[in-house]
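Dumped run_29.cif below, it's mmCIF, N, CA and C atoms:
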data_query
loop_
_atom_site.label_atom_id
_atom_site.label_comp_id
_atom_site.auth_asym_id
_atom_site.auth_seq_id
_atom_site.Cartn_x
_atom_site.Cartn_y
_atom_site.Cartn_z
N MET Q 191 21.10 112.97 -65.60
CA MET Q 191 20.03 112.51 -64.72
C MET Q 191 20.47 111.20 -64.05
N PRO Q 192 20.30 111.09 -62.74
CA PRO Q 192 20.76 109.89 -62.03
C PRO Q 192 19.89 108.67 -62.37
N ARG Q 193 20.48 107.50 -62.17
CA ARG Q 193 19.80 106.25 -62.45
C ARG Q 193 18.73 106.01 -61.37
N SER Q 194 17.55 105.64 -61.81
CA SER Q 194 16.46 105.35 -60.88
C SER Q 194 16.36 103.84 -60.67
N THR Q 195 16.33 103.42 -59.41
CA THR Q 195 16.34 101.97 -59.13
C THR Q 195 15.02 101.47 -58.60
N ASN Q 196 14.12 102.36 -58.27
CA ASN Q 196 12.83 101.94 -57.70
C ASN Q 196 13.05 101.08 -56.45
N ALA Q 197 14.00 101.49 -55.63
CA ALA Q 197 14.41 100.69 -54.48
C ALA Q 197 13.29 100.39 -53.48
N PRO Q 198 12.45 101.35 -53.10
CA PRO Q 198 11.42 101.01 -52.10
C PRO Q 198 10.49 99.90 -52.57
N ALA Q 199 10.04 99.98 -53.82
CA ALA Q 199 9.13 98.97 -54.34
C ALA Q 199 9.82 97.62 -54.45
N SER Q 200 11.08 97.61 -54.90
CA SER Q 200 11.83 96.35 -55.04
C SER Q 200 12.03 95.71 -53.67
N ARG Q 201 12.39 96.53 -52.70
CA ARG Q 201 12.62 96.02 -51.35
C ARG Q 201 11.32 95.46 -50.76
N ARG Q 202 10.22 96.17 -50.99
CA ARG Q 202 8.92 95.71 -50.50
C ARG Q 202 8.54 94.37 -51.14
N ARG Q 203 8.76 94.26 -52.46
CA ARG Q 203 8.43 93.03 -53.17
C ARG Q 203 9.28 91.87 -52.65
N ARG Q 204 10.57 92.12 -52.46
CA ARG Q 204 11.45 91.05 -51.98
C ARG Q 204 11.10 90.63 -50.55
N SER Q 205 10.82 91.61 -49.71
CA SER Q 205 10.49 91.25 -48.33
C SER Q 205 9.16 90.51 -48.26
N ARG Q 206 8.23 90.86 -49.15
CA ARG Q 206 6.94 90.15 -49.17
C ARG Q 206 7.16 88.67 -49.55
N THR Q 207 8.02 88.43 -50.54
CA THR Q 207 8.32 87.06 -50.95
C THR Q 207 9.03 86.30 -49.83
N LEU Q 208 9.99 86.97 -49.17
CA LEU Q 208 10.72 86.30 -48.09
C LEU Q 208 9.82 86.05 -46.89
N ASP Q 209 8.85 86.93 -46.65
CA ASP Q 209 7.89 86.69 -45.57
C ASP Q 209 7.05 85.45 -45.87
N ARG Q 210 6.63 85.31 -47.12
CA ARG Q 210 5.85 84.13 -47.50
C ARG Q 210 6.67 82.86 -47.38
N ALA Q 211 8.00 82.99 -47.55
CA ALA Q 211 8.88 81.81 -47.49
C ALA Q 211 9.36 81.52 -46.08
N SER Q 212 8.96 82.29 -45.10
CA SER Q 212 9.44 82.03 -43.75
C SER Q 212 8.90 80.67 -43.30
N GLY Q 213 9.76 79.89 -42.69
CA GLY Q 213 9.38 78.54 -42.31
C GLY Q 213 9.84 77.50 -43.30
N PHE Q 214 10.28 77.91 -44.49
CA PHE Q 214 10.83 76.97 -45.44
C PHE Q 214 12.23 76.58 -44.97
N TYR Q 215 12.73 75.47 -45.47
CA TYR Q 215 14.00 74.91 -45.00
C TYR Q 215 15.19 75.58 -45.67
N GLY Q 216 16.18 75.96 -44.88
CA GLY Q 216 17.47 76.41 -45.39
C GLY Q 216 17.42 77.64 -46.26
N SER Q 217 18.09 77.56 -47.41
CA SER Q 217 18.20 78.71 -48.32
C SER Q 217 16.86 79.14 -48.89
N ARG Q 218 15.90 78.24 -48.90
CA ARG Q 218 14.60 78.56 -49.48
C ARG Q 218 13.88 79.66 -48.70
N SER Q 219 14.31 79.88 -47.46
CA SER Q 219 13.69 80.96 -46.69
C SER Q 219 14.61 82.17 -46.55
N LYS Q 220 15.86 82.07 -47.06
CA LYS Q 220 16.84 83.14 -46.87
C LYS Q 220 17.19 83.88 -48.16
N LEU Q 221 17.40 83.15 -49.24
CA LEU Q 221 17.87 83.74 -50.49
C LEU Q 221 16.69 84.04 -51.40
N PHE Q 222 16.71 85.24 -51.96
CA PHE Q 222 15.53 85.71 -52.69
C PHE Q 222 15.17 84.81 -53.87
N ARG Q 223 16.15 84.44 -54.68
CA ARG Q 223 15.83 83.67 -55.88
C ARG Q 223 15.25 82.30 -55.52
N MET Q 224 15.85 81.63 -54.56
CA MET Q 224 15.35 80.32 -54.14
C MET Q 224 14.00 80.45 -53.45
N ALA Q 225 13.83 81.53 -52.68
CA ALA Q 225 12.55 81.76 -52.01
C ALA Q 225 11.45 82.02 -53.03
N THR Q 226 11.76 82.76 -54.09
CA THR Q 226 10.78 83.05 -55.13
C THR Q 226 10.30 81.76 -55.78
N GLU Q 227 11.25 80.88 -56.11
CA GLU Q 227 10.88 79.61 -56.73
C GLU Q 227 10.04 78.75 -55.79
N ALA Q 228 10.44 78.73 -54.51
CA ALA Q 228 9.72 77.91 -53.53
C ALA Q 228 8.32 78.44 -53.29
N VAL Q 229 8.19 79.77 -53.21
CA VAL Q 229 6.87 80.38 -52.97
C VAL Q 229 5.97 80.17 -54.18
N ASP Q 230 6.51 80.35 -55.38
CA ASP Q 230 5.71 80.13 -56.59
C ASP Q 230 5.18 78.70 -56.64
N ARG Q 231 6.05 77.76 -56.33
CA ARG Q 231 5.63 76.34 -56.33
C ARG Q 231 4.58 76.09 -55.25
N ALA Q 232 4.80 76.66 -54.08
CA ALA Q 232 3.85 76.47 -52.98
C ALA Q 232 2.48 77.04 -53.32
N MET Q 233 2.46 78.21 -53.95
CA MET Q 233 1.19 78.82 -54.33
C MET Q 233 0.47 77.97 -55.38
N ARG Q 234 1.23 77.44 -56.34
CA ARG Q 234 0.63 76.61 -57.38
C ARG Q 234 0.05 75.33 -56.77
N LEU Q 235 0.82 74.70 -55.87
CA LEU Q 235 0.36 73.46 -55.28
C LEU Q 235 -0.79 73.69 -54.30
N SER Q 236 -0.84 74.85 -53.67
CA SER Q 236 -1.95 75.11 -52.75
C SER Q 236 -3.27 75.13 -53.50
N THR Q 237 -3.27 75.65 -54.72
CA THR Q 237 -4.47 75.66 -55.53
C THR Q 237 -4.88 74.23 -55.89
N ILE Q 238 -3.90 73.44 -56.31
CA ILE Q 238 -4.18 72.06 -56.68
C ILE Q 238 -4.68 71.28 -55.47
N HIS Q 239 -4.04 71.47 -54.32
CA HIS Q 239 -4.37 70.69 -53.14
C HIS Q 239 -5.71 71.08 -52.53
N ARG Q 240 -6.17 72.30 -52.76
CA ARG Q 240 -7.52 72.64 -52.31
C ARG Q 240 -8.54 71.78 -53.03
N LYS Q 241 -8.30 71.50 -54.31
CA LYS Q 241 -9.20 70.63 -55.06
C LYS Q 241 -9.07 69.18 -54.60
N LEU Q 242 -7.84 68.74 -54.37
CA LEU Q 242 -7.62 67.35 -53.97
C LEU Q 242 -8.19 67.05 -52.59
N LYS Q 243 -8.21 68.06 -51.72
CA LYS Q 243 -8.74 67.87 -50.37
C LYS Q 243 -10.20 67.46 -50.41
N LYS Q 244 -10.97 68.06 -51.30
CA LYS Q 244 -12.38 67.72 -51.44
C LYS Q 244 -12.53 66.25 -51.87
N ARG Q 245 -11.67 65.84 -52.82
CA ARG Q 245 -11.70 64.46 -53.31
C ARG Q 245 -11.34 63.49 -52.19
N ASP Q 246 -10.32 63.83 -51.40
CA ASP Q 246 -9.86 62.95 -50.32
C ASP Q 246 -10.93 62.78 -49.25
N TYR Q 247 -11.61 63.88 -48.89
CA TYR Q 247 -12.65 63.78 -47.88
C TYR Q 247 -13.81 62.92 -48.35
N ARG Q 248 -14.23 63.11 -49.60
CA ARG Q 248 -15.33 62.29 -50.12
C ARG Q 248 -14.94 60.81 -50.11
N GLN Q 249 -13.70 60.51 -50.46
CA GLN Q 249 -13.20 59.14 -50.45
C GLN Q 249 -13.25 58.57 -49.03
N LEU Q 250 -12.87 59.38 -48.05
CA LEU Q 250 -12.90 58.94 -46.65
C LEU Q 250 -14.33 58.65 -46.20
N TRP Q 251 -15.28 59.56 -46.54
CA TRP Q 251 -16.67 59.35 -46.14
C TRP Q 251 -17.23 58.08 -46.76
N ILE Q 252 -16.92 57.84 -48.02
CA ILE Q 252 -17.43 56.65 -48.70
C ILE Q 252 -16.85 55.39 -48.05
N ALA Q 253 -15.57 55.43 -47.68
CA ALA Q 253 -14.95 54.27 -47.02
C ALA Q 253 -15.63 53.99 -45.68
N ARG Q 254 -15.96 55.04 -44.94
CA ARG Q 254 -16.64 54.86 -43.64
C ARG Q 254 -18.04 54.29 -43.83
N ILE Q 255 -18.76 54.82 -44.81
CA ILE Q 255 -20.12 54.33 -45.08
C ILE Q 255 -20.05 52.87 -45.52
N ASN Q 256 -19.08 52.55 -46.36
CA ASN Q 256 -18.93 51.18 -46.85
C ASN Q 256 -18.65 50.21 -45.70
N ALA Q 257 -17.83 50.64 -44.73
CA ALA Q 257 -17.55 49.80 -43.57
C ALA Q 257 -18.82 49.56 -42.77
N ALA Q 258 -19.62 50.61 -42.59
CA ALA Q 258 -20.88 50.45 -41.87
C ALA Q 258 -21.87 49.60 -42.65
N CYS Q 259 -21.83 49.69 -43.97
CA CYS Q 259 -22.71 48.87 -44.81
C CYS Q 259 -22.38 47.39 -44.65
N SER Q 260 -21.10 47.07 -44.62
CA SER Q 260 -20.72 45.66 -44.50
C SER Q 260 -21.17 45.08 -43.16
N ILE Q 261 -21.22 45.90 -42.14
CA ILE Q 261 -21.73 45.44 -40.84
C ILE Q 261 -23.22 45.14 -40.95
N ASN Q 262 -23.94 45.93 -41.75
CA ASN Q 262 -25.40 45.79 -41.88
C ASN Q 262 -25.82 44.94 -43.08
N ASP Q 263 -24.90 44.19 -43.66
CA ASP Q 263 -25.19 43.25 -44.75
C ASP Q 263 -25.83 43.90 -45.97
N ILE Q 264 -25.22 44.96 -46.44
CA ILE Q 264 -25.66 45.60 -47.68
C ILE Q 264 -24.42 46.20 -48.33
N ARG Q 265 -24.42 46.23 -49.66
CA ARG Q 265 -23.30 46.87 -50.36
C ARG Q 265 -23.54 48.37 -50.43
N TYR Q 266 -22.45 49.11 -50.55
CA TYR Q 266 -22.54 50.58 -50.60
C TYR Q 266 -23.41 51.03 -51.77
N SER Q 267 -23.18 50.44 -52.95
CA SER Q 267 -23.92 50.87 -54.14
C SER Q 267 -25.41 50.59 -53.99
N ARG Q 268 -25.75 49.47 -53.36
CA ARG Q 268 -27.18 49.15 -53.14
C ARG Q 268 -27.80 50.11 -52.12
N LEU Q 269 -27.02 50.51 -51.12
CA LEU Q 269 -27.52 51.49 -50.13
C LEU Q 269 -27.85 52.80 -50.82
N ILE Q 270 -26.94 53.29 -51.65
CA ILE Q 270 -27.16 54.56 -52.34
C ILE Q 270 -28.36 54.44 -53.28
N GLU Q 271 -28.44 53.32 -53.98
CA GLU Q 271 -29.58 53.10 -54.88
C GLU Q 271 -30.90 53.12 -54.11
N GLY Q 272 -30.92 52.44 -52.95
CA GLY Q 272 -32.13 52.40 -52.14
C GLY Q 272 -32.50 53.76 -51.58
N LEU Q 273 -31.53 54.53 -51.15
CA LEU Q 273 -31.81 55.86 -50.62
C LEU Q 273 -32.35 56.79 -51.70
N ILE Q 274 -31.82 56.65 -52.92
CA ILE Q 274 -32.33 57.48 -54.03
C ILE Q 274 -33.77 57.11 -54.34
N LYS Q 275 -34.06 55.79 -54.38
CA LYS Q 275 -35.44 55.35 -54.67
C LYS Q 275 -36.40 55.74 -53.56
N ALA Q 276 -35.90 55.78 -52.31
CA ALA Q 276 -36.75 56.17 -51.17
C ALA Q 276 -36.85 57.68 -51.04
N LYS Q 277 -36.18 58.41 -51.95
CA LYS Q 277 -36.18 59.87 -51.96
C LYS Q 277 -35.63 60.45 -50.65
N ILE Q 278 -34.59 59.81 -50.14
CA ILE Q 278 -33.89 60.30 -48.96
C ILE Q 278 -32.61 60.96 -49.45
N SER Q 279 -32.50 62.25 -49.25
CA SER Q 279 -31.31 62.96 -49.73
C SER Q 279 -30.42 63.33 -48.55
N LEU Q 280 -29.41 62.50 -48.36
CA LEU Q 280 -28.39 62.74 -47.33
C LEU Q 280 -27.04 62.75 -48.04
N ASN Q 281 -26.20 63.72 -47.74
CA ASN Q 281 -24.88 63.71 -48.37
C ASN Q 281 -23.97 62.71 -47.65
N ARG Q 282 -22.87 62.39 -48.30
CA ARG Q 282 -21.97 61.35 -47.77
C ARG Q 282 -21.37 61.74 -46.43
N LYS Q 283 -21.12 63.03 -46.23
CA LYS Q 283 -20.54 63.48 -44.98
C LYS Q 283 -21.47 63.18 -43.81
N MET Q 284 -22.74 63.50 -43.98
CA MET Q 284 -23.70 63.27 -42.90
C MET Q 284 -23.93 61.77 -42.67
N MET Q 285 -23.96 61.01 -43.77
CA MET Q 285 -24.15 59.56 -43.62
C MET Q 285 -22.98 58.93 -42.88
N SER Q 286 -21.77 59.40 -43.14
CA SER Q 286 -20.61 58.84 -42.43
C SER Q 286 -20.65 59.21 -40.95
N GLU Q 287 -21.09 60.43 -40.65
CA GLU Q 287 -21.23 60.83 -39.24
C GLU Q 287 -22.28 59.99 -38.54
N ILE Q 288 -23.41 59.74 -39.22
CA ILE Q 288 -24.46 58.89 -38.64
C ILE Q 288 -23.91 57.48 -38.42
N ALA Q 289 -23.16 56.97 -39.40
CA ALA Q 289 -22.61 55.61 -39.29
C ALA Q 289 -21.67 55.48 -38.10
N ILE Q 290 -20.91 56.54 -37.81
CA ILE Q 290 -19.96 56.48 -36.71
C ILE Q 290 -20.63 56.71 -35.36
N LYS Q 291 -21.43 57.77 -35.28
CA LYS Q 291 -21.95 58.21 -33.98
C LYS Q 291 -23.29 57.61 -33.60
N ASP Q 292 -24.06 57.13 -34.60
CA ASP Q 292 -25.39 56.60 -34.32
C ASP Q 292 -25.64 55.34 -35.15
N PRO Q 293 -25.06 54.21 -34.75
CA PRO Q 293 -25.22 52.99 -35.54
C PRO Q 293 -26.67 52.54 -35.70
N GLU Q 294 -27.48 52.80 -34.68
CA GLU Q 294 -28.91 52.42 -34.78
C GLU Q 294 -29.62 53.27 -35.84
N GLY Q 295 -29.31 54.53 -35.88
CA GLY Q 295 -29.88 55.40 -36.91
C GLY Q 295 -29.45 54.97 -38.30
N PHE Q 296 -28.20 54.54 -38.44
CA PHE Q 296 -27.72 54.07 -39.74
C PHE Q 296 -28.44 52.78 -40.12
N LYS Q 297 -28.70 51.95 -39.12
CA LYS Q 297 -29.43 50.71 -39.38
C LYS Q 297 -30.82 51.03 -39.90
N THR Q 298 -31.44 52.08 -39.36
CA THR Q 298 -32.74 52.52 -39.86
C THR Q 298 -32.66 52.96 -41.32
N LEU Q 299 -31.61 53.71 -41.66
CA LEU Q 299 -31.42 54.12 -43.05
C LEU Q 299 -31.26 52.92 -43.96
N VAL Q 300 -30.50 51.94 -43.49
CA VAL Q 300 -30.31 50.72 -44.28
C VAL Q 300 -31.64 50.02 -44.49
N GLY Q 301 -32.47 49.95 -43.43
CA GLY Q 301 -33.79 49.34 -43.55
C GLY Q 301 -34.66 50.05 -44.57
N LEU Q 302 -34.64 51.38 -44.55
CA LEU Q 302 -35.43 52.15 -45.52
C LEU Q 302 -34.92 51.90 -46.94
N ALA Q 303 -33.60 51.82 -47.10
CA ALA Q 303 -33.03 51.56 -48.42
C ALA Q 303 -33.41 50.16 -48.92
N LYS Q 304 -33.33 49.18 -48.05
CA LYS Q 304 -33.69 47.82 -48.45
C LYS Q 304 -35.17 47.72 -48.82
N ALA Q 305 -36.01 48.42 -48.07
CA ALA Q 305 -37.46 48.41 -48.38
C ALA Q 305 -37.74 49.06 -49.72
N ALA Q 306 -37.01 50.12 -50.06
CA ALA Q 306 -37.23 50.82 -51.32
C ALA Q 306 -36.75 49.98 -52.51
N ILE Q 307 -35.70 49.19 -52.30
CA ILE Q 307 -35.18 48.35 -53.38
C ILE Q 307 -36.14 47.19 -53.67
N ALA Q 308 -36.64 46.59 -52.59
CA ALA Q 308 -37.48 45.38 -52.74
C ALA Q 308 -38.86 45.68 -53.26
#
As structure tokens, how would this structure be written, given the file I've shared?
Amino acid sequence: MPRSTNAPASRRRRSRTLDRASGFYGSRSKLFRMATEAVDRAMRLSTIHRKLKKRDYRQLWIARINAACSINDIRYSRLIEGLIKAKISLNRKMMSEIAIKDPEGFKTLVGLAKAAIA
């Protein structure tokens, strides 16, 4: 009985890996073994980086809100405390957009927070 190599499936698997590695630098996009290692690493890091992206965006929004708070003479933590006491539920993304695009509206939020604290 002749040796069976399962060539179509092997070829399909290898070409799928090399397709995923297209755009990688040098041998990492040409040689199967190096491409496999590069693709495995890329897939692992893509999962990790999806989580980190959420953290980075929240950090950016908080930095923007904090900058707007310093203009309006209030600390970020006091603003959040005041908004919670005033029962105003705005997420950080929307607050940062308001701070950038509508400074007067943000000033109103700051006023409501200060009133709730006092």
Chain and number of each residue from the PyMOL selection byres (((chain Q and resi 255 and name CA) around 8) and name CA), as a ChimeraX atom specification | /Q:251-254,256-259,266,282,285-286,289
One-decimal distance in Å that lies between atom N of Ala197 of chain Q and atom CA of Tyr215 of chain Q |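 Computing it gives 28.6 Å between the two atoms.
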Pick from Q:Pro198, Q:Arg234, Q:Ala225, Q:Lys275, whichever lies nearest to Arg210 of chain Q using only N, CA and C atoms |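 Using only N, CA and C atoms, the shortest distance to Arg210 of chain Q belongs to Q:Ala225.
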Atom pair atom CA of Arg268 of chain Q / atom N of Lys241 of chain Q: separation (Å) | 29.3 Å
Residues of chain Q in helix (DSSP H, G or I) according to DSSP, as JSON, numbers by chain?
-> {"Q": [197, 198, 199, 200, 201, 202, 203, 204, 205, 206, 207, 208, 209, 210, 216, 217, 218, 219, 222, 223, 224, 225, 226, 227, 228, 229, 230, 231, 232, 233, 234, 235, 236, 237, 238, 239, 240, 241, 242, 243, 244, 245, 246, 247, 248, 249, 250, 251, 252, 253, 254, 255, 256, 257, 258, 259, 260, 261, 266, 267, 268, 269, 270, 271, 272, 273, 274, 275, 282, 283, 284, 285, 286, 287, 288, 289, 290, 291, 293, 294, 295, 296, 297, 298, 299, 300, 301, 302, 303, 304, 305, 306, 307]}
Return the single residue from Q:Glu271, Q:Ala308, Q:Asn262, Q:Asp246 that is closest to Phe296 of chain Q, with distances computed using only N, CA and C atoms.
->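 Residue with the minimum atom-to-atom distance to Phe296 of chain Q: Q:Asn262.
The space separating atom CA of Leu273 of chain Q from atom CA of Leu299 of chain Q comes to 7.8 Å.
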Using all atoms listed in the file: which of Q:Ile270, Q:Asp263, Q:Ile288, Q:Asp230 has the shortest distance to Ala303 of chain Q =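 Closest candidate: Q:Ile270.
With all atoms listed in the file as the basis for measurement, Q:Leu269 is the residue among Q:Leu269, Q:Glu287, Q:Lys277, Q:Leu235 that approaches Val300 of chain Q most closely.
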Pick the closest to Gly272 of chain Q from Q:Met284, Q:Leu221, Q:Ala306, Q:Leu242: which is it, counting only N, CA and C atoms?
->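 Among the listed residues, Q:Ala306 lies closest to Gly272 of chain Q.
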First collect every listed atom of segment 259-271 of chain Q; then fit an axis-aligned box around them, widen it by 8 Å on each side, and give centre and edge lengths in Å to one decimal, as AutoDock Vina command-line options.
--center_x -25.8 --center_y 48.9 --center_z -47.9 --size_x 26.2 --size_y 27.3 --size_z 30.0
